[in-house]
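Q: Sharing input_23.cif, mmCIF, C-alpha atoms and all ligand atoms:
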```cif
data_data
#
loop_
_atom_site.label_atom_id
_atom_site.label_comp_id
_atom_site.auth_asym_id
_atom_site.auth_seq_id
_atom_site.Cartn_x
_atom_site.Cartn_y
_atom_site.Cartn_z
CA MET A 1061 -26.21 -50.62 39.58
CA ALA A 1062 -23.60 -47.97 38.88
CA ASN A 1063 -22.50 -49.77 35.70
CA GLU A 1064 -26.08 -50.05 34.46
CA LEU A 1065 -26.68 -46.37 35.16
CA VAL A 1066 -23.61 -45.35 33.18
CA LYS A 1067 -24.61 -47.66 30.30
CA LEU A 1068 -27.91 -45.80 30.15
CA GLY A 1069 -26.10 -42.47 29.87
CA GLY A 1070 -26.19 -41.53 33.55
CA ARG A 1071 -23.27 -39.77 35.21
CA ILE A 1072 -22.10 -40.29 38.78
CA PHE A 1073 -20.32 -37.62 40.80
CA GLU A 1074 -18.74 -39.10 43.89
CA ARG A 1075 -17.49 -37.06 46.85
CA SER A 1076 -19.87 -34.25 46.01
CA ARG A 1077 -22.07 -33.68 49.02
CA ALA A 1078 -25.20 -31.69 48.20
CA ASN A 1079 -25.15 -28.60 50.41
CA LYS A 1080 -28.11 -26.66 49.09
CA ILE A 1081 -31.12 -27.32 46.93
CA SER A 1082 -33.06 -24.47 45.40
CA ARG A 1083 -35.56 -23.91 42.63
CA GLU A 1084 -34.83 -21.42 39.82
CA ASN A 1085 -36.72 -20.81 36.57
CA GLY A 1086 -38.47 -24.18 36.56
CA THR A 1087 -35.36 -26.24 37.32
CA THR A 1088 -33.92 -27.50 40.56
CA MET A 1089 -30.37 -26.50 41.42
CA ILE A 1090 -28.10 -28.57 43.65
CA GLU A 1091 -25.01 -26.92 45.03
CA THR A 1092 -21.96 -28.86 46.17
CA LEU A 1093 -18.62 -27.54 47.43
CA SER A 1094 -17.05 -27.69 43.98
CA GLY A 1095 -19.89 -27.34 41.53
CA ARG A 1096 -23.58 -27.06 40.73
CA VAL A 1097 -25.96 -29.47 39.05
CA ARG A 1098 -29.17 -28.38 37.38
CA ALA A 1099 -31.97 -30.92 37.01
CA LYS A 1100 -35.63 -31.04 36.13
CA ASP A 1101 -36.26 -33.59 38.86
CA VAL A 1102 -34.23 -34.27 41.99
CA LEU A 1103 -34.69 -37.41 44.09
CA ILE A 1104 -33.23 -37.31 47.59
CA THR A 1105 -32.05 -40.77 48.67
CA CYS A 1106 -29.68 -39.81 51.46
CA GLY A 1107 -30.79 -42.42 53.96
CA GLY A 1108 -32.04 -39.79 56.42
CA TYR A 1109 -29.06 -37.77 57.55
CA THR A 1110 -29.41 -34.75 55.34
CA ASP A 1111 -28.74 -32.21 58.11
CA ARG A 1112 -30.50 -29.00 57.09
CA LEU A 1113 -30.39 -29.71 53.33
CA VAL A 1114 -34.16 -30.03 53.37
CA PRO A 1115 -35.25 -29.00 56.89
CA LYS A 1116 -38.65 -30.64 56.54
CA LEU A 1117 -36.98 -34.02 55.94
CA ALA A 1118 -34.49 -33.55 58.79
CA ASP A 1119 -37.42 -33.22 61.18
CA SER A 1120 -39.16 -36.32 59.88
CA TYR A 1121 -37.06 -39.16 61.23
CA ILE A 1122 -35.75 -40.54 64.48
CA PRO A 1123 -32.03 -41.32 64.54
CA ILE A 1124 -31.64 -44.89 65.74
CA SER A 1125 -28.27 -46.49 66.36
CA THR A 1126 -27.62 -50.13 65.69
CA TYR A 1127 -24.62 -52.23 66.58
CA MET A 1128 -22.34 -54.87 65.08
CA VAL A 1129 -19.58 -57.17 66.30
CA ILE A 1130 -17.28 -59.65 64.65
CA THR A 1131 -15.84 -62.56 66.59
CA GLU A 1132 -12.32 -63.88 66.59
CA PRO A 1133 -11.70 -66.85 64.24
CA ALA A 1134 -13.01 -69.96 66.06
CA LYS A 1135 -14.43 -72.29 63.42
CA GLU A 1136 -14.65 -75.40 65.59
CA LEU A 1137 -16.34 -73.68 68.51
CA ILE A 1138 -18.71 -71.76 66.23
CA SER A 1139 -19.76 -74.98 64.47
CA THR A 1140 -21.04 -76.33 67.79
CA ALA A 1141 -23.62 -73.52 67.72
CA ILE A 1142 -24.30 -72.45 64.12
CA ARG A 1143 -23.97 -74.77 61.15
CA SER A 1144 -26.14 -72.91 58.64
CA THR A 1145 -24.42 -70.67 56.13
CA SER A 1146 -27.67 -68.71 55.72
CA ALA A 1147 -28.24 -65.31 57.26
CA ILE A 1148 -30.24 -65.70 60.47
CA GLY A 1149 -32.51 -63.17 62.14
CA ASP A 1150 -34.97 -63.41 65.01
CA SER A 1151 -38.39 -61.84 65.14
CA ARG A 1152 -37.97 -59.44 68.07
CA ARG A 1153 -38.62 -55.76 67.34
CA SER A 1154 -35.00 -55.06 68.25
CA SER A 1155 -33.84 -58.20 66.51
CA ASP A 1156 -30.48 -59.92 66.38
CA TYR A 1157 -29.21 -60.78 62.90
CA TYR A 1158 -26.06 -62.68 62.09
CA ARG A 1159 -24.25 -65.04 59.77
CA LEU A 1160 -21.05 -67.01 59.44
CA VAL A 1161 -18.34 -65.18 57.51
CA ASP A 1162 -14.75 -66.03 56.44
CA ASN A 1163 -15.83 -69.55 55.50
CA GLY A 1164 -17.32 -70.19 58.95
CA GLU A 1165 -14.27 -68.90 60.84
CA ARG A 1166 -16.14 -65.99 62.42
CA ILE A 1167 -19.64 -64.76 63.23
CA LEU A 1168 -20.74 -61.31 62.10
CA TRP A 1169 -23.47 -60.38 64.59
CA GLY A 1170 -25.74 -57.35 64.58
CA GLY A 1171 -28.33 -56.38 67.12
CA MET A 1172 -29.85 -53.88 69.53
CA ILE A 1173 -31.31 -50.55 68.59
CA THR A 1174 -31.12 -47.44 70.72
CA THR A 1175 -31.86 -43.74 70.30
CA ARG A 1176 -28.51 -42.85 71.87
CA GLN A 1177 -26.14 -40.72 69.83
CA ALA A 1178 -23.08 -42.04 71.64
CA GLU A 1179 -21.93 -45.61 71.34
CA PRO A 1180 -22.59 -47.44 74.57
CA ALA A 1181 -19.53 -48.29 76.61
CA ARG A 1182 -18.73 -51.99 76.54
CA LEU A 1183 -20.63 -52.40 73.27
CA GLY A 1184 -18.83 -55.66 72.45
CA ILE A 1185 -19.81 -57.14 75.81
CA LEU A 1186 -23.45 -56.12 75.38
CA LEU A 1187 -23.72 -57.88 72.03
CA LYS A 1188 -21.66 -60.83 73.20
CA ASN A 1189 -24.18 -61.27 76.06
CA ARG A 1190 -27.01 -61.43 73.52
CA MET A 1191 -25.05 -63.96 71.49
CA VAL A 1192 -24.46 -66.15 74.54
CA GLU A 1193 -28.13 -65.89 75.61
CA THR A 1194 -28.97 -67.53 72.28
CA TYR A 1195 -25.96 -69.86 72.06
CA PRO A 1196 -24.59 -70.60 75.57
CA GLN A 1197 -21.89 -72.79 74.01
CA LEU A 1198 -20.23 -69.59 72.64
CA ALA A 1199 -19.48 -68.23 76.14
CA SER A 1200 -15.71 -68.41 75.62
CA ILE A 1201 -15.57 -66.72 72.20
CA ASN A 1202 -13.85 -63.32 72.01
CA ILE A 1203 -15.19 -60.30 70.14
CA GLU A 1204 -12.51 -58.93 67.84
CA ARG A 1205 -14.13 -55.69 66.79
CA SER A 1206 -17.36 -53.77 67.44
CA TRP A 1207 -18.89 -50.71 65.83
CA SER A 1208 -22.16 -48.85 65.41
CA GLY A 1209 -24.00 -46.90 62.77
CA LYS A 1210 -27.09 -44.76 62.55
CA MET A 1211 -30.24 -45.78 60.74
CA ALA A 1212 -33.10 -43.43 59.94
CA TYR A 1213 -36.54 -44.47 61.16
CA ALA A 1214 -39.46 -42.31 60.10
CA LYS A 1215 -41.66 -41.20 62.97
CA HIS A 1216 -44.48 -43.35 61.53
CA LEU A 1217 -41.99 -46.24 61.12
CA MET A 1218 -42.69 -46.66 57.39
CA PRO A 1219 -40.28 -45.57 54.63
CA GLN A 1220 -40.76 -41.99 53.45
CA ILE A 1221 -41.49 -41.83 49.73
CA GLY A 1222 -43.05 -38.79 48.14
CA LYS A 1223 -42.86 -35.37 46.56
CA LEU A 1224 -42.01 -32.17 48.44
CA GLY A 1225 -42.62 -29.74 45.65
CA GLU A 1226 -42.18 -29.26 41.92
CA GLY A 1227 -39.13 -31.28 40.82
CA LEU A 1228 -38.22 -32.44 44.35
CA TRP A 1229 -38.80 -36.04 45.43
CA TYR A 1230 -37.60 -38.12 48.36
CA CYS A 1231 -37.16 -41.81 49.09
CA MET A 1232 -35.60 -42.47 52.48
CA SER A 1233 -35.92 -43.63 56.13
CA PHE A 1234 -35.59 -47.34 55.45
CA GLY A 1235 -34.33 -48.14 58.95
CA GLY A 1236 -35.88 -51.39 60.15
CA HIS A 1237 -37.13 -52.34 56.69
CA GLY A 1238 -33.93 -53.77 55.24
CA MET A 1239 -31.84 -52.86 52.25
CA ASN A 1240 -34.09 -54.90 49.97
CA THR A 1241 -36.91 -52.39 50.35
CA THR A 1242 -34.66 -49.53 49.17
CA ALA A 1243 -34.35 -51.22 45.77
CA ILE A 1244 -38.07 -52.06 45.66
CA ALA A 1245 -38.96 -48.43 46.45
CA GLU A 1246 -36.84 -47.21 43.55
CA ARG A 1247 -39.41 -48.80 41.21
C1 LIG A 1301 -24.70 -50.82 61.58
C2 LIG A 1301 -25.86 -51.05 60.63
C3 LIG A 1301 -26.21 -52.34 60.32
C4 LIG A 1301 -27.25 -52.59 59.41
N1 LIG A 1301 -27.56 -53.87 59.09
C5 LIG A 1301 -28.48 -54.13 58.14
C6 LIG A 1301 -28.74 -55.47 57.71
O1 LIG A 1301 -28.12 -56.44 58.19
N2 LIG A 1301 -29.70 -55.67 56.77
C7 LIG A 1301 -30.38 -54.63 56.22
O2 LIG A 1301 -31.23 -54.87 55.35
N3 LIG A 1301 -30.16 -53.34 56.59
C8 LIG A 1301 -29.23 -53.08 57.54
N4 LIG A 1301 -28.99 -51.78 57.95
C9 LIG A 1301 -29.84 -50.71 57.39
C10 LIG A 1301 -29.43 -50.34 55.98
O3 LIG A 1301 -28.02 -50.08 55.95
C11 LIG A 1301 -30.21 -49.09 55.54
O4 LIG A 1301 -31.60 -49.28 55.74
C12 LIG A 1301 -29.95 -48.82 54.07
O5 LIG A 1301 -28.56 -48.68 53.82
C13 LIG A 1301 -30.67 -47.54 53.64
O6 LIG A 1301 -30.37 -47.34 52.28
P1 LIG A 1301 -30.47 -45.92 51.61
O7 LIG A 1301 -30.04 -46.10 50.19
O8 LIG A 1301 -31.82 -45.32 51.91
O9 LIG A 1301 -29.42 -45.02 52.40
P2 LIG A 1301 -27.84 -45.19 52.62
O10 LIG A 1301 -27.38 -46.58 52.34
O11 LIG A 1301 -27.56 -44.58 53.96
O12 LIG A 1301 -27.24 -44.26 51.48
C14 LIG A 1301 -27.40 -42.85 51.53
C15 LIG A 1301 -26.26 -42.24 50.76
O13 LIG A 1301 -26.49 -40.82 50.64
C16 LIG A 1301 -25.28 -40.15 50.86
N5 LIG A 1301 -25.59 -38.79 51.32
C17 LIG A 1301 -26.08 -38.38 52.52
N6 LIG A 1301 -26.22 -37.05 52.55
C18 LIG A 1301 -25.80 -36.59 51.34
C19 LIG A 1301 -25.69 -35.28 50.75
N7 LIG A 1301 -26.06 -34.16 51.41
N8 LIG A 1301 -25.21 -35.20 49.50
C20 LIG A 1301 -24.84 -36.31 48.79
N9 LIG A 1301 -24.93 -37.57 49.29
C21 LIG A 1301 -25.40 -37.69 50.55
C22 LIG A 1301 -24.55 -40.98 51.92
O14 LIG A 1301 -23.17 -40.71 51.89
C23 LIG A 1301 -24.89 -42.39 51.44
O15 LIG A 1301 -23.96 -42.86 50.49
C24 LIG A 1301 -27.96 -51.50 58.85
C25 LIG A 1301 -27.59 -50.18 59.16
C26 LIG A 1301 -26.55 -49.96 60.05
C27 LIG A 1301 -26.17 -48.53 60.36
#
```
Any chance you could put this one into structure tokens?
A:
Amino acid sequence: MANELVKLGGRIFERSRANKISRENGTTMIETLSGRVRAKDVLITCGGYTDRLVPKLADSYIPISTYMVITEPAKELISTAIRSTSAIGDSRRSSDYYRLVDNGERILWGGMITTRQAEPARLGILLKNRMVETYPQLASINIERSWSGKMAYAKHLMPQIGKLGEGLWYCMSFGGHGMNTTAIAER
């Protein structure tokens, strides 16, 4: 996507967090630590965590944490439970989603959603328990690493796409809808 954008004449400025957005003489001004960008139209696609950049947006979503683990390499054991190389997800509201990685050596497993800001203690064990509920034959597998991240869910649970004012648009809060919808929304 970045390559296509550059081919079309776009410019990308990495490591330039937008700290302030204001409107001056018919254009929108974005201030970063080291510079300013002036634009006719600004589209905010910051996931959800914009702090007070646009206070109205900061108040519009619920921070939801979600959790991931990766198992130790255990190809033989894993193949007794999962043989598909496809991504798998169940249909619970707080669903589990997982797939084989490293050529079937490991399982990358995601699941649980909470509104907690802090990572739960024993996160790996919590997700491992969910894994074993689904595949009891994986009871002896070890979790090598676990981590969490925050998704943005809008209060109405649908993505937020719209216009805040002249020259200021937003497209965010895709938590629970999948990365695919972010690209669809861009159209
Ligand atoms: C642990 C975890 C697991 C997930 N698993 C899946 C999954 O398996 N499948 C799936 O479909 N989705 C998954 N998601 C959800 C998915 O990652 C998000 O829905 C998706 O990334 C949202 O895309 P986005 O482009 O709206 O925002 P993001 O991908 O969050 O991108 C926003 C960007 O804006 C930047 N930004 C923020 N503030 C500023 C600022 N002030 N100035 C400049 N830049 C800024 C951020 O640095 C970031 O690069 C998961 C999320 C988490 C946290």
Q: Using only C-alpha atoms and all ligand atoms, can you tell me which of A:Tyr1121, A:Tyr1127, A:Phe1073, A:Trp1229 comes closest to ligand LIG 1301 (chain A)?
A: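 The shortest atom-to-atom distance to ligand LIG 1301 (chain A) comes from A:Tyr1127.
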Q: Could you list, as a PyMOL selection string, every residue within 12 Å of Arg1075 in chain A, counting all atoms listed in the file and ignoring same-chain residues fewer than 5 positions away?
A: chain A and resi 1092-1095
Q: Could those residues be written to a file, using C-alpha atoms, as a PDB file, in the coordinates of the input?
A:
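out-v5.pdb written:
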```pdb
ATOM      1  CA  THR A1092     -21.960 -28.860  46.170  1.00  0.00           C
ATOM      2  CA  LEU A1093     -18.620 -27.540  47.430  1.00  0.00           C
ATOM      3  CA  SER A1094     -17.050 -27.690  43.980  1.00  0.00           C
ATOM      4  CA  GLY A1095     -19.890 -27.340  41.530  1.00  0.00           C
TER       5      GLY A1095
END
```
Q: Please check which protein, DNA or RNA residues sit within 6 Å of ligand LIG 1301 (chain A), counting all atoms listed in the file, and write them as a list in words.
A: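 Using all atoms listed in the file, I find these residues within 6 Å of ligand LIG 1301 (chain A): Arg1077, Ala1078, Asn1079, Thr1105, Cys1106, Gly1107, Tyr1109, Thr1110, Thr1126, Tyr1127, Met1128, Ser1208, Gly1209, Lys1210, Met1211, Met1232, Phe1234, Gly1235, Gly1238, Met1239 and Thr1242 of chain A.
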Q: Any chance you can output those residues with C-alpha atoms as a tab-separated table (two decimals), in the frame of the given file?
A:
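Written output follows (selection.tsv):
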```tsv
chain	number	residue	atom	x	y	z
A	1077	ARG	CA	-22.07	-33.68	49.02
A	1078	ALA	CA	-25.20	-31.69	48.20
A	1079	ASN	CA	-25.15	-28.60	50.41
A	1105	THR	CA	-32.05	-40.77	48.67
A	1106	CYS	CA	-29.68	-39.81	51.46
A	1107	GLY	CA	-30.79	-42.42	53.96
A	1109	TYR	CA	-29.06	-37.77	57.55
A	1110	THR	CA	-29.41	-34.75	55.34
A	1126	THR	CA	-27.62	-50.13	65.69
A	1127	TYR	CA	-24.62	-52.23	66.58
A	1128	MET	CA	-22.34	-54.87	65.08
A	1208	SER	CA	-22.16	-48.85	65.41
A	1209	GLY	CA	-24.00	-46.90	62.77
A	1210	LYS	CA	-27.09	-44.76	62.55
A	1211	MET	CA	-30.24	-45.78	60.74
A	1232	MET	CA	-35.60	-42.47	52.48
A	1234	PHE	CA	-35.59	-47.34	55.45
A	1235	GLY	CA	-34.33	-48.14	58.95
A	1238	GLY	CA	-33.93	-53.77	55.24
A	1239	MET	CA	-31.84	-52.86	52.25
A	1242	THR	CA	-34.66	-49.53	49.17
```
Q: Just the residues within 8 Å of Ser1139 in chain A, please, counting all atoms listed in the file, with nothing from its chain fewer than 4 positions along; format it as a ChimeraX atom specification.
A: /A:1135,1143,1164
Q: Tell me which of A:Ala1212, A:Leu1198, A:Ile1124, A:Ile1221 sits closest to Thr1174 in chain A, counting only C-alpha atoms.
A: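 Checking each candidate against Thr1174 in chain A, we get A:Ile1124 as the closest.
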Q: So how many Å separate CA of Leu1186 in chain A and CA of Ile1130 in chain A, to one decimal?
A: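 Taking CA of Leu1186 in chain A as the start and CA of Ile1130 in chain A as the end point, the length is 12.9 Å.
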Q: Go through A:Val1129, A:Lys1223, A:Asp1162, A:Leu1103 one by one, measure the shortest atom-to-atom distance of each to Asn1189 in chain A using all atoms listed in the file, and give the residue with the smallest value.
A: A:Val1129
Q: Nearest to Gln1177 in chain A among A:Pro1123, A:Thr1087, A:Glu1226, A:Ser1155, with distances taken over only C-alpha atoms: which residue is it?
A: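 Smallest distance to Gln1177 in chain A is found for A:Pro1123.
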Q: Got a sec to check which residues sit within 10 Å of (-29.8, -27.5, 44.8), counting only C-alpha atoms, and write them as a list in words?
A: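 The distance filter leaves exactly Ala1078, Asn1079, Lys1080, Ile1081, Ser1082, Arg1083, Glu1084, Thr1087, Thr1088, Met1089, Ile1090, Glu1091, Thr1092, Arg1096, Val1097, Arg1098, Ala1099, Val1102, Leu1113, Val1114 and Leu1228 of chain A.
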Q: At what distance in Å, to one decimal, does CA of Asn1085 in chain A lie from CA of Gly1227 in chain A?
A: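 According to the coordinates, CA of Gly1227 in chain A and CA of Asn1085 in chain A are separated by 11.6 Å.
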Q: Applying 9 Å and all atoms listed in the file, which residues near Leu1217 in chain A remain after dropping the ones on its own chain fewer than 2 positions away? List them as a PyMOL selection string.
A: chain A and resi 1121+1213-1215+1219-1220+1233-1237
Q: Could you please determine the separation between CA of Leu1168 in chain A and CA of Thr1145 in chain A in Å, to one decimal place?
A: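 Rounded to one decimal, the two atoms are 11.7 Å apart.
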Q: Within 10 Å of (-22.3, -69.5, 69.2), in the coordinates the file gives, what residues turn up when you count all atoms listed in the file, written out as a PyMOL selection string?
A: chain A and resi 1131+1134+1137-1143+1166-1167+1188+1191-1201
Q: If we count only C-alpha atoms, what is near Tyr1158 in chain A at a cut-off of 7 Å, once residues fewer than 3 positions away on the same chain are taken out, given as a list in words?
A: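 So, after excluding close chain neighbours, the residues are Ala1147, Ile1148, Gly1149, Ile1167, Leu1168, Trp1169 and Gly1170 of chain A.
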